[in-house]
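Enquirer: Structure file start.txt, compact mmCIF, C-alpha atoms and all ligand atoms, is pasted below:
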# COMPACT_ATOMS: atom_id res chain seq x y z
CA MET A 726 25.62 -0.45 27.06
CA GLN A 727 22.47 -2.52 26.81
CA PRO A 728 21.06 -3.13 23.31
CA ALA A 729 18.07 -0.94 22.36
CA ALA A 730 14.91 -2.68 23.51
CA GLN A 731 12.39 -3.94 20.97
CA ILE A 732 9.14 -5.89 21.11
CA SER A 733 7.83 -7.56 17.94
CA PRO A 734 4.59 -5.94 16.73
CA LYS A 735 3.04 -9.40 16.55
CA PHE A 736 2.51 -9.04 20.32
CA PHE A 737 -0.05 -6.27 19.69
CA TYR A 738 -2.68 -8.76 18.67
CA ASP A 739 -4.11 -10.41 21.75
CA GLU A 740 -7.91 -10.16 22.22
CA ARG A 741 -7.73 -6.61 23.62
CA GLY A 742 -5.19 -5.56 20.99
CA CYS A 743 -7.44 -6.83 18.18
CA ALA A 744 -10.39 -4.89 19.64
CA LEU A 745 -8.27 -1.73 19.99
CA PHE A 746 -7.02 -2.09 16.42
CA GLU A 747 -10.64 -2.27 15.23
CA GLN A 748 -11.25 1.02 17.06
CA ILE A 749 -8.15 2.55 15.45
CA THR A 750 -9.47 1.75 11.99
CA ARG A 751 -12.54 3.91 12.74
CA LEU A 752 -10.63 6.91 14.15
CA PRO A 753 -10.92 10.19 12.21
CA GLU A 754 -7.12 10.52 12.05
CA TYR A 755 -6.46 6.94 10.88
CA TYR A 756 -6.91 7.40 7.13
CA PRO A 757 -5.55 4.03 5.76
CA THR A 758 -8.61 1.84 6.33
CA ARG A 759 -11.16 4.29 5.03
CA THR A 760 -8.99 5.39 2.09
CA GLU A 761 -8.41 1.80 1.03
CA ASP A 762 -12.10 1.02 1.42
CA ALA A 763 -13.05 4.05 -0.69
CA ILE A 764 -10.70 2.82 -3.46
CA MET A 765 -12.19 -0.68 -3.27
CA ALA A 766 -15.73 0.74 -3.40
CA ARG A 767 -15.07 3.13 -6.25
CA TYR A 768 -13.29 0.60 -8.46
CA GLU A 769 -15.17 -2.52 -7.40
CA GLN A 770 -16.39 -3.25 -10.91
CA ALA A 771 -13.09 -2.46 -12.65
CA MET A 772 -11.21 -4.61 -10.14
CA ALA A 773 -13.56 -7.55 -10.58
CA GLU A 774 -13.10 -7.34 -14.36
CA ALA A 775 -9.32 -7.06 -14.07
CA MET A 776 -9.13 -9.99 -11.66
CA GLY A 777 -11.49 -12.35 -13.49
CA PRO A 778 -12.87 -15.47 -11.82
CA CYS A 779 -11.43 -16.56 -8.50
CA GLN A 780 -11.89 -20.01 -7.00
CA VAL A 781 -10.09 -19.54 -3.70
CA LEU A 782 -9.89 -16.20 -1.95
CA ILE A 783 -7.16 -16.15 0.70
CA GLU A 784 -6.90 -13.18 3.03
CA LEU A 785 -3.64 -12.66 4.89
CA GLY A 786 -3.89 -10.84 8.24
CA ALA A 787 -7.65 -11.32 7.96
CA GLY A 788 -8.48 -10.08 11.50
CA ASN A 789 -12.22 -9.35 11.65
CA CYS A 790 -12.69 -10.26 7.94
CA GLU A 791 -14.40 -6.91 7.30
CA LYS A 792 -12.25 -5.89 4.33
CA VAL A 793 -12.85 -9.06 2.36
CA ARG A 794 -16.67 -8.85 2.33
CA ARG A 795 -16.73 -6.68 -0.77
CA LEU A 796 -14.63 -9.28 -2.67
CA CYS A 797 -16.81 -12.14 -1.42
CA ARG A 798 -19.76 -10.32 -3.00
CA SER A 799 -18.12 -9.27 -6.27
CA LEU A 800 -16.02 -12.38 -6.96
CA ALA A 801 -18.23 -15.07 -5.39
CA PRO A 802 -15.31 -17.46 -4.72
CA ARG A 803 -15.99 -21.11 -3.89
CA GLN A 804 -13.70 -21.02 -0.89
CA PHE A 805 -12.43 -18.43 1.54
CA VAL A 806 -9.35 -18.96 3.71
CA GLY A 807 -8.61 -16.37 6.41
CA VAL A 808 -5.05 -16.42 7.77
CA ASP A 809 -4.05 -14.54 10.91
CA ILE A 810 -1.94 -14.78 14.06
CA ALA A 811 -4.93 -14.07 16.36
CA ALA A 812 -6.58 -17.50 16.11
CA GLY A 813 -9.65 -16.98 18.35
CA PHE A 814 -10.56 -13.57 16.94
CA LEU A 815 -10.14 -14.91 13.39
CA SER A 816 -12.20 -18.07 13.83
CA ARG A 817 -15.22 -16.09 15.15
CA ALA A 818 -14.96 -13.71 12.18
CA VAL A 819 -14.68 -16.62 9.71
CA GLN A 820 -17.79 -18.25 11.21
CA ARG A 821 -19.77 -15.03 10.66
CA LEU A 822 -18.52 -14.84 7.07
CA GLN A 823 -19.45 -18.46 6.45
CA GLN A 824 -23.02 -17.82 7.60
CA GLU A 825 -23.38 -14.70 5.50
CA PHE A 826 -21.84 -16.02 2.28
CA SER A 827 -22.96 -19.67 2.30
CA PRO A 828 -22.51 -21.83 0.17
CA MET A 829 -18.96 -20.36 0.03
CA ALA A 830 -16.83 -22.60 2.27
CA ALA A 831 -14.86 -20.52 4.79
CA ARG A 832 -12.03 -21.66 7.03
CA ALA A 833 -9.52 -20.11 9.41
CA VAL A 834 -5.79 -20.81 9.43
CA ALA A 835 -3.65 -19.56 12.32
CA ALA A 836 -0.18 -18.48 11.16
CA ASP A 837 2.64 -16.23 12.32
CA PHE A 838 4.04 -14.41 9.28
CA THR A 839 7.32 -13.74 11.08
CA GLN A 840 7.99 -17.53 10.94
CA GLU A 841 7.85 -19.96 8.02
CA TRP A 842 4.19 -20.64 7.31
CA ALA A 843 2.21 -22.63 4.77
CA LEU A 844 -1.38 -23.13 3.67
CA PRO A 845 -3.01 -26.49 4.43
CA ALA A 846 -2.26 -28.99 1.64
CA ASP A 847 -5.95 -29.41 0.74
CA VAL A 848 -6.45 -25.74 -0.27
CA PRO A 849 -6.76 -25.95 -4.10
CA ARG A 850 -3.83 -24.33 -5.89
CA ALA A 851 -5.74 -23.35 -9.04
CA GLY A 852 -7.46 -19.98 -9.18
CA ARG A 853 -6.04 -18.50 -5.98
CA LEU A 854 -6.33 -14.81 -5.17
CA LEU A 855 -4.24 -13.68 -2.21
CA PHE A 856 -5.65 -10.57 -0.56
CA TYR A 857 -3.31 -8.65 1.76
CA PRO A 858 -5.03 -5.36 2.58
CA GLY A 859 -4.45 -2.55 5.05
CA SER A 860 -0.77 -1.99 4.26
CA SER A 861 0.11 -4.70 6.77
CA ILE A 862 3.18 -5.45 4.63
CA GLY A 863 4.46 -2.07 5.90
CA ASN A 864 4.95 -3.54 9.38
CA PHE A 865 7.85 -5.66 8.10
CA ASP A 866 11.22 -4.19 7.24
CA PRO A 867 11.98 -4.05 3.48
CA ALA A 868 14.07 -7.25 3.46
CA GLN A 869 11.37 -9.19 5.33
CA ALA A 870 8.68 -7.67 3.09
CA GLN A 871 10.61 -8.78 0.00
CA HIS A 872 10.89 -12.28 1.46
CA MET A 873 7.15 -12.33 2.22
CA LEU A 874 6.27 -11.25 -1.32
CA ALA A 875 8.42 -14.06 -2.72
CA HIS A 876 6.69 -16.49 -0.37
CA MET A 877 3.27 -15.23 -1.54
CA ARG A 878 4.35 -15.71 -5.15
CA SER A 879 5.32 -19.30 -4.32
CA LEU A 880 1.78 -19.95 -3.05
CA LEU A 881 0.32 -19.09 -6.46
CA GLY A 882 0.06 -21.11 -9.64
CA ASP A 883 0.38 -19.35 -13.01
CA ASP A 884 -3.30 -18.36 -12.90
CA GLY A 885 -3.04 -16.80 -9.42
CA ALA A 886 -2.70 -13.20 -8.31
CA LEU A 887 -2.12 -10.94 -5.33
CA LEU A 888 -4.32 -7.98 -4.40
CA ILE A 889 -2.39 -5.86 -1.93
CA GLY A 890 -2.97 -2.50 -0.22
CA ILE A 891 -0.01 -0.22 0.48
CA ASP A 892 0.20 3.08 2.29
CA LEU A 893 2.09 5.75 0.32
CA PRO A 894 4.33 8.60 1.60
CA LYS A 895 2.43 11.71 2.69
CA PRO A 896 2.92 14.81 4.91
CA ARG A 897 4.48 14.11 8.25
CA GLU A 898 1.66 15.80 10.24
CA VAL A 899 -0.90 13.48 8.69
CA LEU A 900 1.19 10.45 9.60
CA ILE A 901 1.89 11.52 13.18
CA ALA A 902 -1.80 12.28 13.82
CA ALA A 903 -2.75 8.85 12.45
CA TYR A 904 -0.38 7.11 14.88
CA ASP A 905 -0.96 9.41 17.87
CA ASP A 906 -4.69 10.12 17.84
CA ALA A 907 -6.42 12.65 20.06
CA GLN A 908 -8.55 10.03 21.88
CA GLY A 909 -5.49 8.02 22.88
CA VAL A 910 -6.67 4.74 21.31
CA THR A 911 -3.31 4.17 19.59
CA ALA A 912 -1.56 4.92 22.89
CA ALA A 913 -3.68 2.24 24.60
CA PHE A 914 -2.95 -0.17 21.73
CA ASN A 915 0.78 0.46 22.07
CA ARG A 916 0.82 0.09 25.88
CA ASN A 917 -1.29 -3.07 25.69
CA VAL A 918 1.68 -4.82 24.09
CA LEU A 919 3.29 -4.81 27.56
CA GLN A 920 0.30 -6.56 29.12
CA HIS A 921 0.45 -9.23 26.43
CA VAL A 922 4.19 -9.69 26.91
CA ASN A 923 3.65 -9.95 30.69
CA ARG A 924 1.15 -12.76 30.11
CA VAL A 925 3.14 -14.65 27.48
CA LEU A 926 6.70 -14.18 28.72
CA GLY A 927 6.13 -13.69 32.45
CA SER A 928 7.55 -10.16 32.75
CA ASP A 929 6.11 -7.56 35.13
CA PHE A 930 5.85 -4.34 33.10
CA ASP A 931 3.66 -1.71 34.79
CA LEU A 932 1.77 0.10 32.03
CA GLN A 933 1.72 3.31 34.09
CA ASP A 934 5.49 3.60 33.67
CA TRP A 935 5.32 3.98 29.89
CA ALA A 936 4.23 6.71 27.48
CA HIS A 937 3.26 6.21 23.84
CA GLU A 938 5.39 7.94 21.21
CA ALA A 939 4.96 8.12 17.42
CA ARG A 940 7.88 9.34 15.28
CA PHE A 941 8.46 9.75 11.59
CA ASP A 942 11.80 8.58 10.20
CA ALA A 943 12.15 10.32 6.84
CA VAL A 944 15.31 8.41 5.88
CA HIS A 945 13.51 5.06 6.04
CA SER A 946 10.09 6.50 5.13
CA ARG A 947 8.47 4.89 8.15
CA VAL A 948 6.39 5.77 11.17
CA GLU A 949 7.85 4.28 14.34
CA MET A 950 6.00 3.56 17.55
CA HIS A 951 7.89 3.52 20.81
CA LEU A 952 7.15 3.27 24.52
CA ARG A 953 9.13 5.76 26.59
CA ALA A 954 9.95 5.14 30.27
CA LEU A 955 8.43 7.95 32.34
CA ARG A 956 10.82 7.23 35.23
CA PRO A 957 13.67 4.80 35.95
CA VAL A 958 12.09 1.36 35.67
CA ILE A 959 13.19 -2.15 36.63
CA VAL A 960 11.33 -4.93 34.85
CA GLY A 961 11.47 -8.52 36.09
CA TRP A 962 11.58 -11.51 33.73
CA PRO A 963 11.86 -15.21 34.52
CA GLN A 964 15.47 -14.84 33.23
CA GLY A 965 16.36 -11.83 35.42
CA LEU A 966 15.94 -8.07 35.53
CA ARG A 967 16.14 -5.32 32.90
CA GLN A 968 16.74 -1.73 33.93
CA PHE A 969 15.45 1.18 31.90
CA ALA A 970 16.64 4.76 32.42
CA GLU A 971 14.04 7.53 32.43
CA GLY A 972 13.40 8.48 28.79
CA GLU A 973 14.71 5.17 27.39
CA THR A 974 12.41 3.64 24.80
CA ILE A 975 11.19 0.28 23.59
CA HIS A 976 10.66 0.17 19.83
CA THR A 977 7.36 -1.61 19.19
CA GLU A 978 6.48 -1.03 15.53
CA ASN A 979 7.58 0.27 12.14
CA SER A 980 5.04 1.18 9.52
CA TYR A 981 6.78 1.72 6.17
CA LYS A 982 5.25 4.09 3.62
CA TYR A 983 6.63 2.88 0.29
CA PRO A 984 6.75 5.11 -2.80
CA LEU A 985 4.65 3.34 -5.42
CA GLY A 986 7.59 2.77 -7.82
CA THR A 987 9.68 1.20 -5.05
CA PHE A 988 6.92 -1.22 -4.16
CA LEU A 989 6.20 -2.15 -7.78
CA GLY A 990 9.90 -2.97 -8.12
CA MET A 991 9.69 -5.22 -5.06
CA LEU A 992 6.73 -7.05 -6.61
CA SER A 993 8.69 -7.58 -9.86
CA ARG A 994 11.70 -8.89 -7.95
CA ALA A 995 9.40 -11.32 -6.13
CA GLY A 996 8.36 -12.77 -9.49
CA PHE A 997 5.08 -10.98 -10.09
CA GLY A 998 4.30 -9.97 -13.68
CA ARG A 999 1.52 -7.70 -14.91
CA LYS A 1000 0.30 -5.14 -12.36
CA ARG A 1001 -2.64 -2.78 -12.15
CA VAL A 1002 -2.81 0.04 -9.64
CA TRP A 1003 -5.77 1.94 -8.21
CA THR A 1004 -5.28 4.96 -5.94
CA ASP A 1005 -7.29 7.76 -4.32
CA ALA A 1006 -7.33 11.39 -5.51
CA ARG A 1007 -4.64 12.43 -2.98
CA ASN A 1008 -2.40 9.46 -3.81
CA TRP A 1009 -2.34 8.45 -0.17
CA PHE A 1010 -2.94 4.75 -0.64
CA ALA A 1011 -2.69 2.22 -3.47
CA VAL A 1012 -4.39 -1.07 -4.16
CA ILE A 1013 -2.32 -3.20 -6.53
CA HIS A 1014 -3.36 -6.30 -8.46
CA ALA A 1015 -0.22 -8.24 -9.30
CA HIS A 1016 -0.49 -11.24 -11.58
CA ALA A 1017 1.64 -14.30 -10.90
C1 LIG B 1 -1.79 -3.33 10.94
N1 LIG B 1 -0.97 -2.19 10.51
C2 LIG B 1 -1.04 -2.01 9.06
C3 LIG B 1 -1.23 -0.95 11.24
C4 LIG B 1 -0.36 0.21 10.69
O1 LIG B 1 -0.93 1.23 10.34
O2 LIG B 1 0.85 0.04 10.59
C5 LIG B 1 -0.99 -1.12 12.73
C6 LIG B 1 -1.16 0.14 13.50
N2 LIG B 1 -0.30 0.61 14.37
C7 LIG B 1 -0.77 1.75 14.87
N3 LIG B 1 -1.91 2.03 14.31
C8 LIG B 1 -2.19 1.03 13.45
Please rewrite the model in this file as structure tokens.
Expert:
Amino acid sequence: MQPAAQISPKFFYDERGCALFEQITRLPEYYPTRTEDAIMARYEQAMAEAMGPCQVLIELGAGNCEKVRRLCRSLAPRQFVGVDIAAGFLSRAVQRLQQEFSPMAARAVAADFTQEWALPADVPRAGRLLFYPGSSIGNFDPAQAQHMLAHMRSLLGDDGALLIGIDLPKPREVLIAAYDDAQGVTAAFNRNVLQHVNRVLGSDFDLQDWAHEARFDAVHSRVEMHLRALRPVIVGWPQGLRQFAEGETIHTENSYKYPLGTFLGMLSRAGFGRKRVWTDARNWFAVIHAHA
């Protein structure tokens, strides 16, 4: 039997994928972005007081740099560093931020978090705040997420901290609707991964052959996205052919929904000390400030 097919979710983020993800964040069903933003708005003052001064604000998975604007206003850092896999999309967003928040110096760093990555050596180590919003940590499996947290801790001096957003467990219907919206934007986002893979790896997936599927796996507390073959499909690669039976799926993404206590434990194991947590009234999302 052939091994179950998988595509890394990092292939979502070509130019079209980034634009589709922006649309997803505005969908009525996709609660994470607006819930996180409401928490950040409501507790802006309290967060700024808890965090204290910040010299260097570093956003991981910065994308369009929308989420960091509030912190640029309230913390007025000297430097901003946006880190993301989608280099072109990121550098345009960083340029806009630079214009708006001058004299803050803003720069873009392209990095793939699934590989070893580092910040440029000239980014000052003192007074760093790492900002990792949107529950993007949920797209890694728990072992990878633990490794990433330890890596983040290693980027901080004793005066540094992490501000991270995590999506919490909630009713299954809410989760499925968020990852299978009525307008089909998430379906287009999921199918677009095939177009990107065709371009990068030279395969010949036909998007018409594949249907979007969102599932909830209660055992692992994660939403899974899959692409299901609508008919028997043969896909060509430079290395050969891959046959898919009708109904066979390609697993494209996991989105873990960590219970708060579990995630706080992961932060402690990664070497983070004092933590403060802000949530919404439904306890759907948490923003955590974790001191180095
Ligand atoms: C980027 N990441 C946190 C999103 C999520 O919710 O897991 C990606 C996404 N996939 C489908 N919709 C949004």
Enquirer: As number ranges by chain, please: every protein or nucleic acid residue near ligand LIG 1 (chain B) (cut-off 6 Å, counting only C-alpha atoms and all ligand atoms).
Expert: A: 859-861, 864, 904, 911, 980
Enquirer: Tell me, as an mmCIF file with C-alpha atoms, in the coordinates of the input, which residues lie within 9 Å of stretch 807-815 of chain A, counting all atoms listed in the file; anything in the same chain fewer than 3 positions away does not count.
Expert:
data_model
loop_
_atom_site.group_PDB
_atom_site.id
_atom_site.type_symbol
_atom_site.label_atom_id
_atom_site.label_comp_id
_atom_site.auth_asym_id
_atom_site.auth_seq_id
_atom_site.Cartn_x
_atom_site.Cartn_y
_atom_site.Cartn_z
ATOM 1 C CA LYS A 735 3.040 -9.400 16.550
ATOM 2 C CA TYR A 738 -2.680 -8.760 18.670
ATOM 3 C CA ASP A 739 -4.110 -10.410 21.750
ATOM 4 C CA GLU A 740 -7.910 -10.160 22.220
ATOM 5 C CA CYS A 743 -7.440 -6.830 18.180
ATOM 6 C CA LEU A 782 -9.890 -16.200 -1.950
ATOM 7 C CA ILE A 783 -7.160 -16.150 0.700
ATOM 8 C CA GLU A 784 -6.900 -13.180 3.030
ATOM 9 C CA LEU A 785 -3.640 -12.660 4.890
ATOM 10 C CA GLY A 786 -3.890 -10.840 8.240
ATOM 11 C CA ALA A 787 -7.650 -11.320 7.960
ATOM 12 C CA GLY A 788 -8.480 -10.080 11.500
ATOM 13 C CA ASN A 789 -12.220 -9.350 11.650
ATOM 14 C CA CYS A 790 -12.690 -10.260 7.940
ATOM 15 C CA ALA A 818 -14.960 -13.710 12.180
ATOM 16 C CA VAL A 819 -14.680 -16.620 9.710
ATOM 17 C CA GLN A 820 -17.790 -18.250 11.210
ATOM 18 C CA ALA A 831 -14.860 -20.520 4.790
ATOM 19 C CA ARG A 832 -12.030 -21.660 7.030
ATOM 20 C CA ALA A 833 -9.520 -20.110 9.410
ATOM 21 C CA VAL A 834 -5.790 -20.810 9.430
ATOM 22 C CA ALA A 835 -3.650 -19.560 12.320
ATOM 23 C CA ALA A 836 -0.180 -18.480 11.160
ATOM 24 C CA ASP A 837 2.640 -16.230 12.320
ATOM 25 C CA PHE A 838 4.040 -14.410 9.280
ATOM 26 C CA LEU A 844 -1.380 -23.130 3.670
#
Enquirer: Contacts of A:Leu796 at 9 Å or less, counting all atoms listed in the file, minus same-chain residues fewer than 3 places along, as a PyMOL selection string?
Expert: chain A and resi 765+769+773+782+792-793+799-802
Enquirer: Using all atoms listed in the file, which of A:Phe914, A:Phe805, A:Phe826, A:Trp1003 sits nearest A:Ile889?
Expert: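 Checking each of A:Phe914, A:Phe805, A:Phe826, A:Trp1003 against A:Ile889, counting all atoms listed in the file, the winner is A:Trp1003.
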Enquirer: Skip A:Val925 itself and residues of its chain fewer than 2 positions away, then list as a PyMOL selection string all residues within 12 Å of it, counting all atoms listed in the file.
Expert: chain A and resi 736-737+739+918-923+927-929+962-963
Enquirer: For A:Ala954, which residue out of A:Ile975, A:Ala912, A:Met829, A:Ala1011 is the nearest one, using all atoms listed in the file?
Expert: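 Of A:Ile975, A:Ala912, A:Met829, A:Ala1011, the one nearest A:Ala954 is A:Ile975, counting all atoms listed in the file.
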Enquirer: Name the residues within 12 Å of (11.7, -11.6, 3.2), counting all atoms listed in the file in the file's coordinates, and put them as a PyMOL selection string.
Expert: chain A and resi 838-841+862+865-878+991-992+994-995
Enquirer: Let me see the file: selected residues, C-alpha atoms, as a compact mmCIF listing (two decimals), in the frame of the given file.
Expert:
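Resulting contents of out30.txt:
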# COMPACT_ATOMS: atom_id res chain seq x y z
CA PHE A 838 4.04 -14.41 9.28
CA THR A 839 7.32 -13.74 11.08
CA GLN A 840 7.99 -17.53 10.94
CA GLU A 841 7.85 -19.96 8.02
CA ILE A 862 3.18 -5.45 4.63
CA PHE A 865 7.85 -5.66 8.10
CA ASP A 866 11.22 -4.19 7.24
CA PRO A 867 11.98 -4.05 3.48
CA ALA A 868 14.07 -7.25 3.46
CA GLN A 869 11.37 -9.19 5.33
CA ALA A 870 8.68 -7.67 3.09
CA GLN A 871 10.61 -8.78 0.00
CA HIS A 872 10.89 -12.28 1.46
CA MET A 873 7.15 -12.33 2.22
CA LEU A 874 6.27 -11.25 -1.32
CA ALA A 875 8.42 -14.06 -2.72
CA HIS A 876 6.69 -16.49 -0.37
CA MET A 877 3.27 -15.23 -1.54
CA ARG A 878 4.35 -15.71 -5.15
CA MET A 991 9.69 -5.22 -5.06
CA LEU A 992 6.73 -7.05 -6.61
CA ARG A 994 11.70 -8.89 -7.95
CA ALA A 995 9.40 -11.32 -6.13
Enquirer: List the neighbours of stretch 748-762 of chain A out to 7 Å using all atoms listed in the file; skip same-chain residues closer than 6 positions along the sequence, and give me the result as a ChimeraX atom specification.
Expert: /A:859,892,902-903,906,910-911,1010
Enquirer: With distances taken over all atoms listed in the file, which of A:Arg956, A:His1014, A:Arg1007, A:Lys982 is nearest to A:Gly777?
Expert: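 Looking only at the distances to A:Gly777, the closest residue turns out to be A:His1014.
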Enquirer: One decimal, in Å: what's the spacing between atom CA of A:Ala1017 and atom CA of A:Asp883?
Expert: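 Between these atoms lies a distance of 5.6 Å.
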Enquirer: Point out the residue among A:Lys1000, A:Val781, A:Leu989, A:Glu898 with the least atom-to-atom distance to A:Asp847, counting all atoms listed in the file.
Expert: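 Between A:Lys1000, A:Val781, A:Leu989, A:Glu898, the residue approaching A:Asp847 most closely is A:Val781.
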Enquirer: So how many Å separate atom CA of A:Ile959 and atom CA of A:Pro728, to one decimal?
Expert: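 Separation between atom CA of A:Ile959 and atom CA of A:Pro728: 15.5 Å.
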Enquirer: Could you check how far atom CA of A:Ile764 sits from atom CA of A:Pro984, in Å to one decimal?
Expert: 17.6 Å
Enquirer: When you look at A:Trp935 with a cut-off of 8 Å (counting all atoms listed in the file), what residues show up, excluding the ones that are within fewer than 5 positions of it in the same chain? I need them as a PyMOL selection string.
Expert: chain A and resi 916+952-955
Enquirer: Pick out the closest residue to A:Ile1013 from this set: A:Arg821, A:Arg897, A:Ala730, A:Leu855. Count all atoms listed in the file.
Expert: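 Smallest distance to A:Ile1013 is found for A:Leu855.
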Enquirer: Rank nothing, just name the residue among A:Pro849, A:His937, A:Cys797, A:Pro896 nearest to A:Ala913, using all atoms listed in the file.
Expert: A:His937
Enquirer: For stretch 767-779 of chain A, write N, CA, C and O atoms out as a CSV table (one decimal), in the first residue's frame.
Expert:
chain,number,residue,atom,x,y,z
A,767,ARG,N,-9.1,45.2,23.7
A,767,ARG,CA,-9.6,45.4,25.0
A,767,ARG,C,-8.6,45.6,26.1
A,767,ARG,O,-8.7,46.4,27.0
A,768,TYR,N,-7.5,44.8,25.9
A,768,TYR,CA,-6.5,44.8,27.0
A,768,TYR,C,-5.2,45.5,26.6
A,768,TYR,O,-4.1,45.3,27.1
A,769,GLU,N,-5.3,46.4,25.6
A,769,GLU,CA,-4.1,47.1,25.0
A,769,GLU,C,-3.3,47.7,26.1
A,769,GLU,O,-2.1,47.5,26.2
A,770,GLN,N,-4.0,48.5,27.0
A,770,GLN,CA,-3.3,49.2,28.0
A,770,GLN,C,-2.6,48.2,29.0
A,770,GLN,O,-1.4,48.4,29.3
A,771,ALA,N,-3.4,47.3,29.5
A,771,ALA,CA,-2.9,46.3,30.5
A,771,ALA,C,-1.7,45.5,29.9
A,771,ALA,O,-0.7,45.2,30.6
A,772,MET,N,-1.8,45.2,28.6
A,772,MET,CA,-0.7,44.4,28.0
A,772,MET,C,0.5,45.3,27.9
A,772,MET,O,1.6,44.8,28.3
A,773,ALA,N,0.4,46.5,27.5
A,773,ALA,CA,1.5,47.4,27.4
A,773,ALA,C,2.2,47.6,28.8
A,773,ALA,O,3.4,47.5,28.9
A,774,GLU,N,1.4,47.7,29.8
A,774,GLU,CA,2.0,47.8,31.2
A,774,GLU,C,2.7,46.5,31.6
A,774,GLU,O,3.8,46.6,32.2
A,775,ALA,N,2.0,45.4,31.3
A,775,ALA,CA,2.7,44.1,31.7
A,775,ALA,C,4.0,43.9,30.9
A,775,ALA,O,4.9,43.3,31.5
A,776,MET,N,4.0,44.3,29.7
A,776,MET,CA,5.2,44.0,28.8
A,776,MET,C,6.3,45.0,29.1
A,776,MET,O,7.5,44.6,28.9
A,777,GLY,N,6.0,46.2,29.5
A,777,GLY,CA,7.1,47.2,29.7
A,777,GLY,C,7.7,47.6,28.4
A,777,GLY,O,7.2,47.3,27.3
A,778,PRO,N,8.8,48.4,28.5
A,778,PRO,CA,9.4,48.9,27.2
A,778,PRO,C,10.0,47.8,26.3
A,778,PRO,O,10.4,46.7,26.8
A,779,CYS,N,9.9,48.0,25.1
A,779,CYS,CA,10.4,47.0,24.1
A,779,CYS,C,11.3,47.7,23.1
A,779,CYS,O,10.8,48.7,22.5
